[in-house]
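Visitor: Just one file: coords.txt, with compact mmCIF, C-alpha atoms.
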# COMPACT_ATOMS: atom_id res chain seq x y z
CA MET A 1 1.69 -84.48 9.01
CA LYS A 2 4.61 -83.04 10.97
CA ASN A 3 7.00 -83.88 8.12
CA ILE A 4 4.72 -82.14 5.62
CA ILE A 5 4.70 -78.94 7.73
CA ILE A 6 8.50 -78.97 8.06
CA THR A 7 8.91 -79.54 4.30
CA CYS A 8 6.54 -76.64 3.43
CA THR A 9 8.35 -74.32 5.85
CA MET A 10 11.74 -75.15 4.33
CA LEU A 11 10.37 -74.65 0.81
CA ALA A 12 8.96 -71.25 1.71
CA ALA A 13 12.31 -70.21 3.19
CA VAL A 14 14.11 -71.26 0.02
CA LEU A 15 11.67 -69.37 -2.20
CA LEU A 16 11.92 -66.21 -0.09
CA GLY A 17 15.69 -66.43 -0.11
CA ALA A 18 15.66 -66.69 -3.87
CA CYS A 19 13.74 -63.41 -4.27
CA LYS A 20 15.84 -60.41 -5.26
CA LYS A 21 15.18 -56.81 -4.40
CA ASP A 22 13.69 -54.92 -7.32
CA GLY A 23 16.51 -52.97 -8.84
CA PHE A 24 14.30 -50.08 -10.13
CA ASN A 25 14.86 -46.81 -8.30
CA TYR A 26 11.48 -45.49 -7.13
CA LYS A 27 12.92 -42.31 -5.63
CA MET A 28 10.62 -39.36 -6.32
CA VAL A 29 11.98 -36.37 -8.19
CA LYS A 30 12.88 -33.65 -5.72
CA ALA A 31 12.42 -30.19 -7.15
CA THR A 32 15.08 -27.57 -6.70
CA LEU A 33 14.87 -23.80 -6.65
CA GLU A 34 15.99 -23.71 -10.28
CA ASP A 35 13.05 -25.92 -11.30
CA VAL A 36 10.46 -23.27 -10.43
CA ASP A 37 9.07 -21.77 -13.63
CA SER A 38 5.87 -20.16 -12.39
CA VAL A 39 4.47 -18.80 -9.11
CA TYR A 40 0.75 -18.32 -8.44
CA PHE A 41 -0.15 -15.88 -5.70
CA SER A 42 -3.51 -14.86 -4.26
CA ALA A 43 -4.00 -12.15 -1.65
CA THR A 44 -7.37 -13.89 -0.92
CA ASP A 45 -9.37 -10.64 -0.99
CA LYS A 46 -9.63 -7.28 -2.71
CA MET A 47 -10.12 -5.24 0.47
CA LEU A 48 -8.90 -5.31 4.06
CA VAL A 49 -10.25 -3.57 7.17
CA ALA A 50 -7.37 -1.86 8.97
CA ASP A 51 -8.34 -2.95 12.49
CA GLY A 52 -5.52 -5.40 13.24
CA GLN A 53 -7.99 -8.31 13.45
CA ALA A 54 -8.91 -8.58 9.78
CA ARG A 55 -6.28 -10.62 7.99
CA LEU A 56 -5.16 -11.65 4.53
CA ASP A 57 -4.06 -15.30 4.49
CA PHE A 58 -2.03 -15.57 1.29
CA ILE A 59 -2.19 -18.56 -1.04
CA VAL A 60 1.04 -19.42 -2.89
CA GLU A 61 1.63 -22.22 -5.40
CA ALA A 62 4.78 -23.08 -7.38
CA TYR A 63 4.98 -24.94 -10.70
CA ARG A 64 7.62 -26.32 -13.06
CA LYS A 65 7.27 -26.88 -16.79
CA VAL A 66 7.24 -30.54 -17.82
CA THR A 67 7.29 -31.91 -21.37
CA LEU A 68 5.06 -34.97 -21.75
CA SER A 69 5.84 -37.98 -23.93
CA ASN A 70 3.50 -36.61 -26.60
CA GLY A 71 5.64 -33.50 -26.84
CA LYS A 72 3.16 -31.19 -25.10
CA ASP A 73 4.20 -28.98 -22.21
CA THR A 74 2.31 -28.85 -18.93
CA MET A 75 2.85 -27.29 -15.51
CA ALA A 76 3.56 -29.67 -12.61
CA PHE A 77 2.90 -28.63 -9.03
CA ILE A 78 5.85 -28.09 -6.67
CA ASP A 79 5.45 -27.99 -2.92
CA TYR A 80 7.46 -24.87 -2.14
CA ARG A 81 7.69 -25.96 1.51
CA GLU A 82 10.16 -28.64 0.44
CA LEU A 83 12.51 -26.05 -1.03
CA PRO A 84 15.32 -24.61 1.10
CA ALA A 85 14.19 -22.41 3.98
CA GLY A 86 13.77 -18.79 2.93
CA SER A 87 13.08 -19.61 -0.72
CA LEU A 88 9.66 -17.96 -0.58
CA LYS A 89 9.46 -14.20 -0.14
CA LEU A 90 6.24 -12.20 0.08
CA ILE A 91 6.69 -8.50 -0.60
CA GLU A 92 4.44 -5.53 0.07
CA GLU A 93 5.51 -3.30 -2.79
CA ARG A 94 4.39 0.14 -1.59
CA SER A 95 6.56 -0.04 1.53
CA GLY A 96 9.09 -2.48 0.09
CA THR A 97 8.82 -4.70 3.17
CA GLU A 98 8.76 -8.48 3.35
CA VAL A 99 5.69 -9.95 5.04
CA GLY A 100 4.76 -13.44 6.16
CA LEU A 101 2.00 -15.74 4.90
CA SER A 102 -0.57 -13.44 6.49
CA TYR A 103 -0.94 -9.69 6.71
CA SER A 104 -2.92 -7.30 8.90
CA THR A 105 -2.58 -3.62 9.76
CA THR A 106 -3.98 -0.94 12.03
CA THR A 107 -2.88 1.97 9.88
CA ILE A 108 -3.71 3.18 6.38
CA PRO A 109 -0.41 4.49 4.99
CA PHE A 110 -1.72 3.99 1.44
CA ASP A 111 -5.18 3.67 -0.07
CA THR A 112 -4.04 0.40 -1.62
CA VAL A 113 -1.29 -2.02 -0.67
CA LYS A 114 0.23 -4.30 -3.31
CA PHE A 115 1.71 -7.76 -2.82
CA HIS A 116 3.61 -10.31 -4.86
CA ALA A 117 5.41 -13.58 -4.16
CA GLU A 118 8.97 -14.52 -5.17
CA ILE A 119 10.58 -17.94 -5.27
CA GLY A 120 14.16 -17.70 -6.39
CA THR A 121 14.21 -15.49 -9.45
CA VAL A 122 10.58 -16.15 -10.36
CA LYS A 123 8.00 -13.55 -9.40
CA SER A 124 4.21 -13.77 -9.30
CA ALA A 125 1.74 -11.21 -10.59
CA THR A 126 1.11 -8.24 -8.30
CA LYS A 127 -2.19 -8.25 -6.41
CA PRO A 128 -3.60 -4.96 -5.04
CA VAL A 129 -5.71 -4.79 -1.87
CA ALA A 130 -7.65 -1.67 -0.86
CA LEU A 131 -7.42 -0.68 2.81
CA ARG A 132 -10.70 0.16 4.56
CA PRO A 133 -11.14 2.25 7.69
CA VAL A 134 -12.57 0.60 10.77
CA PRO A 135 -16.38 0.83 10.42
CA THR A 136 -18.39 2.74 12.99
CA LEU A 137 -19.97 0.35 15.44
CA PRO A 138 -23.78 0.62 15.23
CA ALA A 139 -25.86 1.08 18.37
CA LYS A 140 -26.34 -2.19 20.24
CA VAL A 141 -29.65 -3.97 19.91
CA TYR A 142 -31.03 -7.12 21.53
CA VAL A 143 -33.20 -9.76 19.89
CA ASP A 144 -35.33 -12.10 22.00
CA VAL A 145 -35.37 -15.53 20.35
CA ILE A 146 -38.03 -18.17 20.83
CA PHE A 147 -37.33 -21.63 19.44
CA HIS A 148 -40.59 -23.41 18.62
CA VAL A 149 -39.26 -26.97 18.67
CA TRP A 150 -41.50 -29.55 17.00
CA GLU A 151 -41.12 -32.98 18.63
CA LEU A 152 -42.85 -36.20 17.57
CA ASN A 153 -45.36 -37.60 20.04
CA PRO A 154 -43.88 -40.71 21.73
CA THR A 155 -47.21 -42.46 21.15
CA HIS A 156 -46.91 -42.12 17.36
CA ALA A 157 -46.46 -45.39 15.47
CA SER A 158 -43.22 -44.20 13.85
CA TYR A 159 -41.62 -43.12 17.13
CA ASP A 160 -38.53 -45.19 17.92
CA PRO A 161 -37.38 -44.64 21.50
CA ILE A 162 -33.92 -46.00 20.64
CA SER A 163 -33.11 -43.81 17.64
CA TYR A 164 -35.24 -40.71 18.17
CA GLN A 165 -33.27 -37.70 19.37
CA ALA A 166 -35.11 -34.83 20.97
CA VAL A 167 -33.38 -31.45 20.66
CA PRO A 168 -31.48 -30.93 23.94
CA TYR A 169 -31.99 -27.58 25.60
CA ASP A 170 -28.26 -27.00 25.93
CA LYS A 171 -28.05 -27.06 22.12
CA LEU A 172 -30.29 -24.00 21.97
CA GLN A 173 -27.94 -22.24 24.35
CA GLU A 174 -24.92 -23.34 22.33
CA ALA A 175 -26.50 -22.10 19.09
CA ILE A 176 -27.18 -18.66 20.54
CA THR A 177 -23.71 -18.31 22.07
CA TYR A 178 -21.81 -19.19 18.92
CA MET A 179 -24.12 -17.14 16.71
CA ASN A 180 -23.43 -14.07 18.85
CA ASN A 181 -19.69 -14.69 18.57
CA VAL A 182 -19.94 -14.86 14.79
CA VAL A 183 -22.14 -11.82 14.12
CA ASN A 184 -20.10 -9.74 16.56
CA ASN A 185 -16.80 -10.74 14.93
CA LYS A 186 -15.32 -12.43 17.98
CA VAL A 187 -13.98 -15.62 16.40
CA GLY A 188 -12.89 -14.80 12.87
CA HIS A 189 -10.18 -12.96 10.98
CA SER A 190 -12.05 -12.30 7.75
CA PRO A 191 -10.43 -9.50 5.71
CA ASN A 192 -13.73 -7.61 5.74
CA GLY A 193 -15.22 -8.94 8.96
CA ALA A 194 -17.25 -6.58 11.15
CA SER A 195 -19.46 -6.60 14.22
CA ALA A 196 -23.22 -6.16 13.87
CA ASN A 197 -23.41 -5.30 17.59
CA VAL A 198 -26.50 -7.48 17.95
CA GLU A 199 -27.06 -9.74 20.93
CA PHE A 200 -29.42 -12.63 20.37
CA ARG A 201 -30.79 -13.89 23.66
CA LEU A 202 -33.21 -16.61 24.69
CA ALA A 203 -36.55 -15.01 25.49
CA LYS A 204 -37.30 -15.06 29.21
CA LYS A 205 -41.07 -14.58 28.86
CA ASN A 206 -43.73 -16.03 26.59
CA ALA A 207 -46.16 -14.15 24.36
CA ALA A 208 -48.45 -13.50 27.35
CA GLY A 209 -45.61 -12.02 29.38
CA LEU A 210 -45.27 -15.01 31.71
CA ALA A 211 -41.85 -16.35 32.67
CA LEU A 212 -40.66 -19.36 30.68
CA ALA A 213 -39.36 -22.32 32.69
CA GLN A 214 -36.64 -22.67 30.04
CA PRO A 215 -35.90 -19.35 28.32
CA GLY A 216 -36.31 -19.37 24.56
CA PHE A 217 -37.86 -22.84 24.46
CA ASN A 218 -41.40 -23.67 23.32
CA LYS A 219 -41.83 -27.39 22.73
CA ILE A 220 -44.66 -28.40 20.41
CA ILE A 221 -45.71 -32.07 20.35
CA TYR A 222 -47.05 -33.15 16.97
CA SER A 223 -48.75 -36.27 15.66
CA ASP A 224 -51.00 -37.30 12.78
CA ASN A 225 -53.44 -34.55 13.71
CA ILE A 226 -51.30 -31.98 11.85
CA LYS A 227 -51.35 -33.82 8.52
CA THR A 228 -53.11 -31.97 5.73
CA ASN A 229 -53.71 -35.35 4.10
CA PRO A 230 -54.92 -37.82 6.76
CA LEU A 231 -54.04 -40.75 4.48
CA ALA A 232 -50.40 -39.73 4.04
CA THR A 233 -47.90 -42.25 5.41
CA SER A 234 -45.33 -39.60 6.33
CA PHE A 235 -45.14 -35.96 7.32
CA ALA A 236 -44.58 -33.18 4.79
CA MET A 237 -43.27 -29.65 5.22
CA ALA A 238 -46.72 -28.35 4.30
CA ASP A 239 -48.18 -30.11 7.35
CA PHE A 240 -46.21 -27.82 9.65
CA THR A 241 -46.57 -24.59 7.68
CA THR A 242 -50.30 -25.09 7.15
CA ILE A 243 -51.10 -25.45 10.83
CA ILE A 244 -48.86 -22.49 11.68
CA ASN A 245 -50.67 -20.31 9.16
CA ALA A 246 -54.10 -21.57 10.23
CA THR A 247 -53.56 -20.55 13.86
CA PRO A 248 -50.78 -17.94 13.86
CA ALA A 249 -51.72 -16.67 17.32
CA SER A 250 -50.57 -20.02 18.73
CA TYR A 251 -47.40 -20.46 16.71
CA ILE A 252 -46.15 -16.97 15.82
CA TRP A 253 -45.40 -14.79 18.81
CA ASN A 254 -45.47 -11.04 18.19
CA PRO A 255 -42.77 -10.52 15.52
CA LYS A 256 -42.10 -7.04 16.88
CA GLU A 257 -41.05 -8.58 20.18
CA PHE A 258 -39.64 -11.99 19.22
CA LEU A 259 -37.58 -13.73 16.58
CA ASN A 260 -39.72 -16.82 15.88
CA VAL A 261 -37.57 -19.82 14.95
CA HIS A 262 -39.46 -22.98 14.04
CA VAL A 263 -37.29 -26.07 14.43
CA ILE A 264 -38.87 -28.52 12.02
CA PRO A 265 -37.86 -32.19 11.53
CA TRP A 266 -36.12 -31.68 8.21
CA GLY A 267 -32.55 -31.77 6.90
CA THR A 268 -30.23 -28.94 5.93
CA ASN A 269 -30.50 -29.82 2.24
CA TYR A 270 -34.21 -29.00 2.19
CA ALA A 271 -35.75 -25.60 1.42
CA MET A 272 -37.50 -24.43 4.57
CA GLY A 273 -40.11 -22.27 2.86
CA THR A 274 -39.27 -19.00 4.58
CA ALA A 275 -38.87 -15.82 2.57
CA PHE A 276 -36.58 -12.83 2.34
CA PRO A 277 -38.02 -9.44 3.36
CA ALA A 278 -40.87 -8.39 1.07
CA LYS A 279 -41.25 -4.74 2.03
CA GLN A 280 -39.29 -1.86 3.48
CA LEU A 281 -40.21 1.47 4.97
CA PRO A 282 -39.24 4.44 2.77
CA PRO A 283 -35.68 5.53 3.51
CA GLY A 284 -35.30 8.40 5.93
CA GLN A 285 -32.86 11.26 5.76
CA GLY A 286 -29.36 9.97 5.09
CA GLU A 287 -30.65 6.44 4.34
CA GLU A 288 -30.69 4.51 1.09
CA SER A 289 -33.20 1.99 -0.19
CA ILE A 290 -32.37 -1.60 0.72
CA LEU A 291 -31.44 -3.23 -2.57
CA GLY A 292 -33.38 -6.37 -3.43
CA VAL A 293 -36.41 -5.45 -1.29
CA ALA A 294 -38.92 -4.28 -3.88
CA GLY A 295 -42.05 -3.63 -1.84
CA VAL A 296 -42.75 -0.37 -0.02
CA ALA A 297 -44.39 -0.71 3.38
CA ALA A 298 -47.06 1.67 4.59
CA ASN A 299 -45.98 1.31 8.23
CA ASP A 300 -44.26 -1.13 10.59
CA ASN A 301 -47.44 -3.26 10.79
CA ASP A 302 -47.50 -3.84 7.03
CA PHE A 303 -46.62 -7.54 6.97
CA ALA A 304 -48.44 -10.85 6.86
CA LEU A 305 -48.57 -12.92 10.02
CA THR A 306 -47.55 -16.12 8.24
CA TYR A 307 -44.78 -18.66 8.53
CA ALA A 308 -43.08 -17.49 5.33
CA ALA A 309 -43.27 -13.81 6.19
CA ALA A 310 -42.58 -13.73 9.93
CA CYS A 311 -40.65 -16.87 10.91
CA VAL A 312 -37.30 -18.53 10.48
CA GLY A 313 -37.45 -22.13 9.26
CA PHE A 314 -34.73 -24.13 10.96
CA PRO A 315 -33.86 -27.76 10.09
CA ARG A 316 -33.56 -29.81 13.28
CA THR A 317 -30.48 -31.61 11.90
CA VAL A 318 -28.56 -28.36 12.48
CA PHE A 319 -28.60 -29.26 16.18
CA PHE A 320 -26.78 -32.52 15.46
CA PRO A 321 -23.81 -31.33 13.38
CA GLY A 322 -21.60 -34.36 13.93
CA PHE A 323 -18.27 -34.99 15.57
CA GLU A 324 -16.04 -31.94 16.09
CA ARG A 325 -18.28 -29.57 14.11
CA LYS A 326 -19.66 -26.27 15.30
CA LEU A 327 -23.39 -25.75 15.70
CA GLU A 328 -23.90 -23.25 12.88
CA ALA A 329 -27.23 -21.45 13.34
CA PHE A 330 -26.72 -18.07 11.71
CA ARG A 331 -27.18 -18.98 8.05
CA TYR A 332 -30.96 -19.34 8.49
CA ILE A 333 -31.21 -16.32 10.78
CA GLY A 334 -29.16 -14.28 8.32
CA SER A 335 -31.56 -15.10 5.49
CA PHE A 336 -34.43 -13.77 7.60
CA TYR A 337 -32.56 -10.49 7.92
CA GLY A 338 -31.95 -10.18 4.19
CA LEU A 339 -28.55 -11.83 3.72
CA TYR A 340 -28.03 -14.27 0.85
CA THR A 341 -25.49 -17.03 0.49
CA PRO A 342 -22.48 -15.81 -1.56
CA THR A 343 -22.51 -19.01 -3.67
CA TYR A 344 -23.47 -18.81 -7.35
CA THR A 345 -25.16 -21.63 -9.28
CA ALA A 346 -26.91 -21.97 -12.62
CA THR A 347 -30.26 -21.23 -10.98
CA ARG A 348 -29.05 -18.52 -8.60
CA LEU A 349 -27.09 -15.86 -10.40
CA TYR A 350 -28.41 -12.79 -8.61
CA SER A 351 -26.28 -10.57 -6.44
CA ASP A 352 -26.29 -10.68 -2.65
CA PHE A 353 -26.01 -6.86 -2.79
CA CYS A 354 -22.89 -6.98 -0.63
CA TYR A 355 -19.83 -5.89 -2.59
CA ASP A 356 -17.35 -7.22 -0.06
CA THR A 357 -18.49 -10.85 0.07
CA ARG A 358 -16.25 -13.27 -1.81
CA LYS A 359 -18.33 -15.30 -4.26
CA PHE A 360 -17.77 -18.58 -6.09
CA ASP A 361 -19.69 -20.53 -8.70
CA GLY A 362 -20.89 -23.81 -7.22
CA LEU A 363 -20.93 -25.39 -10.69
CA ASP A 364 -17.31 -24.52 -11.45
CA THR A 365 -15.52 -27.90 -11.51
CA ARG A 366 -12.51 -26.35 -9.79
CA ASN A 367 -14.63 -25.84 -6.68
CA SER A 368 -14.90 -29.02 -4.67
CA TYR A 369 -17.42 -28.94 -1.84
CA SER A 370 -14.96 -31.04 0.14
CA PHE A 371 -12.53 -28.18 0.70
CA ALA A 372 -12.82 -24.65 2.08
CA THR A 373 -10.51 -23.20 -0.60
CA LYS A 374 -12.52 -21.97 -3.60
CA VAL A 375 -11.88 -20.26 -6.93
CA GLY A 376 -13.87 -17.02 -6.88
CA ILE A 377 -15.87 -15.65 -9.76
CA ASP A 378 -12.91 -13.31 -10.28
CA ASN A 379 -10.76 -16.41 -10.93
CA GLU A 380 -8.74 -15.91 -7.74
CA LYS A 381 -8.43 -18.50 -4.98
CA TYR A 382 -9.61 -17.74 -1.46
CA ILE A 383 -10.70 -19.49 1.72
CA THR A 384 -14.42 -19.45 2.49
CA ASP A 385 -15.15 -17.95 5.89
CA ASN A 386 -18.52 -16.28 5.50
CA ALA A 387 -21.25 -17.26 7.97
CA MET A 388 -23.78 -17.42 5.11
CA ASP A 389 -21.93 -20.19 3.27
CA ASP A 390 -23.51 -23.66 3.09
CA ILE A 391 -23.13 -25.35 6.47
CA ARG A 392 -23.08 -28.84 4.92
CA TYR A 393 -19.57 -28.40 3.56
CA PRO A 394 -16.16 -27.43 4.97
CA THR A 395 -15.90 -23.69 5.53
CA LEU A 396 -14.82 -21.52 8.42
CA LEU A 397 -18.23 -19.78 8.83
CA THR A 398 -16.73 -17.29 11.26
CA SER A 399 -17.69 -13.82 10.06
CA ILE A 400 -20.04 -11.48 8.27
CA THR A 401 -18.70 -8.52 6.32
CA VAL A 402 -18.99 -4.75 6.70
CA ASP A 403 -21.59 -4.59 3.92
CA GLN A 404 -23.53 -7.54 5.33
CA VAL A 405 -23.68 -5.78 8.70
CA LYS A 406 -25.11 -2.66 7.04
CA ARG A 407 -27.69 -4.69 5.14
CA MET A 408 -28.71 -6.77 8.16
CA ARG A 409 -29.09 -3.74 10.42
CA ALA A 410 -31.09 -1.90 7.74
CA VAL A 411 -33.51 -4.83 7.44
CA MET A 412 -33.87 -5.04 11.22
CA ALA A 413 -34.70 -1.33 11.37
CA ARG A 414 -36.93 -0.90 8.31
CA CYS A 415 -38.50 -4.18 7.13
CA PRO A 416 -41.84 -4.91 8.83
CA GLY A 417 -41.96 -8.37 10.37
CA ARG A 418 -38.21 -8.25 10.93
CA MET A 419 -38.14 -5.18 13.17
CA ASN A 420 -37.57 -7.00 16.46
CA GLY A 421 -34.39 -5.38 17.76
CA LYS A 422 -34.59 -3.74 21.18
CA ILE A 423 -32.24 -1.23 22.76
CA GLN A 424 -32.29 -3.08 26.10
As a first step, turn the structure in this file into structure tokens.
Guide:
Amino acid sequence: MKNIIITCTMLAAVLLGACKKDGFNYKMVKATLEDVDSVYFSATDKMLVADGQARLDFIVEAYRKVTLSNGKDTMAFIDYRELPAGSLKLIEERSGTEVGLSYSTTTIPFDTVKFHAEIGTVKSATKPVALRPVPTLPAKVYVDVIFHVWELNPTHASYDPISYQAVPYDKLQEAITYMNNVVNNKVGHSPNGASANVEFRLAKKNAAGLALAQPGFNKIIYSDNIKTNPLATSFAMADFTTIINATPASYIWNPKEFLNVHVIPWGTNYAMGTAFPAKQLPPGQGEESILGVAGVAANDNDFALTYAAACVGFPRTVFFPGFERKLEAFRYIGSFYGLYTPTYTATRLYSDFCYDTRKFDGLDTRNSYSFATKVGIDNEKYITDNAMDDIRYPTLLTSITVDQVKRMRAVMARCPGRMNGKIQ
């Protein structure tokens, strides 16, 4: 046996020694400055608030023309970062100054600034950006939030003590803190970002005015007794909404005093059955009608005390976002206050009534849901950063815009059932 092992080892050594290094040169083609035939440049937005915080983060791409074996020409991508240092120049044309890969300003020397990119002798198309004055900060309001958290009874047959995760109280606190940072423009650099000057806070008292042991937290234990169909083997969304609507006094605290958020055991890919504002009070002097809200309210009590009309539906999976992801709560709150997601699809082609939100078509094959960079409906690339974007996919979700602030504050002031802002 020992001789066999020695023989095999020697044979392997001979065979390895007989191998020759492949003589084909696999070295990748390294582009030079002269290879650049085309430069794509995006300013990432059409407008910029001149407050020093709002920022344009430019997107630049370089290409070279390549002739394929079939004789057709195509454009091949070049990583401009591999070109010699200083090859890329970004120019603001009105002032003639060179800027970096981002741009912000606190002054408005021109109504519109214009940018282009240069790599070597090749120049991109010019992209104009309108400068906006810093918006007036609206009066501060406070919103008392009550999370009605539905938790499965531990005695239920489907309850698994190993896998079941109750919503931790500190997650409610985390959701409120980050939501306040987003709506008050404390974490983002969106070109049109603005502060709503709204402070969401966990309600300290219940509907009867008694102090809550844990502010903002109302745990509701559910079991088979809430099923609309006693023979059903699983729970349905209608089970929760039906019982809420049947006894609203128990599940919907005064909408003039509280923001009612029902945390229901559903995922973020499921429609939660809550509605946008249905009615608005007639506009007062100096006000305009809120676009997209068709109904006219007789007074601030003109709303239905139902789940769809007076509550926010909140998927419980939002509280378990996964490793190194923020707890993004505002998208569902924003819908309650009249904001729509900026995404377009075949079944959702209406406007969000906010001119300054960047929009993309979710069915455009150029838009992967795996990346935050999108191709807008204006055919320009930008980086998604709006807090109303889909939380299931990569996006910055750091800001709401000037127009979204105006719309949100108008709904809070004039749409019955949503008028829960307090001045203290």
Visitor: Measure the distance from atom CA of A:Ala413 to atom CA of A:Met47 in Å and round it to one decimal.
Guide: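 Computed distance, atom CA of A:Ala413 to atom CA of A:Met47, equals 27.2 Å.
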Visitor: What's the 8 Å shell around A:Lys89, counting all atoms listed in the file, without same-chain residues fewer than 2 positions away, as an MDAnalysis selection string?
Guide: chainID A and resid 86:87 91 98:100 117:119
Visitor: Give me the residues within 9 Å of stretch 302-318 of chain A as an NGL selection string, counting only C-alpha atoms and dropping any in the same chain fewer than 4 places off.
Guide: :A and (149-150 or 167 or 241-242 or 244-246 or 248-249 or 251-252 or 254-255 or 259-279 or 297-298 or 327-329 or 332-333 or 335-336 or 391 or 415-418)
Visitor: Just want the 8 Å neighbourhood of stretch 366-383 of chain A, counted on all atoms listed in the file, with same-chain residues fewer than 5 positions away dropped. Output as number ranges by chain.
Guide: A: 42-45, 59, 358-361, 393-396
Visitor: Which of these, A:Leu48, A:Val405, A:Ala208, A:Ala213, has the shortest distance to A:Asn184 once you count only C-alpha atoms?
Guide: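 Distance minimum relative to A:Asn184 lands on A:Val405.
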Visitor: Find the residue from A:Asn299, A:Arg409, A:Gly286, A:Ala62 that sits nearest to A:Leu339; use all atoms listed in the file when measuring.
Guide: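 Looking only at the distances to A:Leu339, the closest residue turns out to be A:Arg409.
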Visitor: Kindly give the distance, in Å, that separates atom CA of A:Asn206 and atom CA of A:Ala410, rounded to a single decimal.
Guide: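 So the answer is 26.7 Å.
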Visitor: Could you please determine the separation between atom CA of A:Arg331 and atom CA of A:Tyr222 in Å, to one decimal place?
Guide: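 Atom-to-atom, atom CA of A:Arg331 to atom CA of A:Tyr222, that is 26.0 Å.
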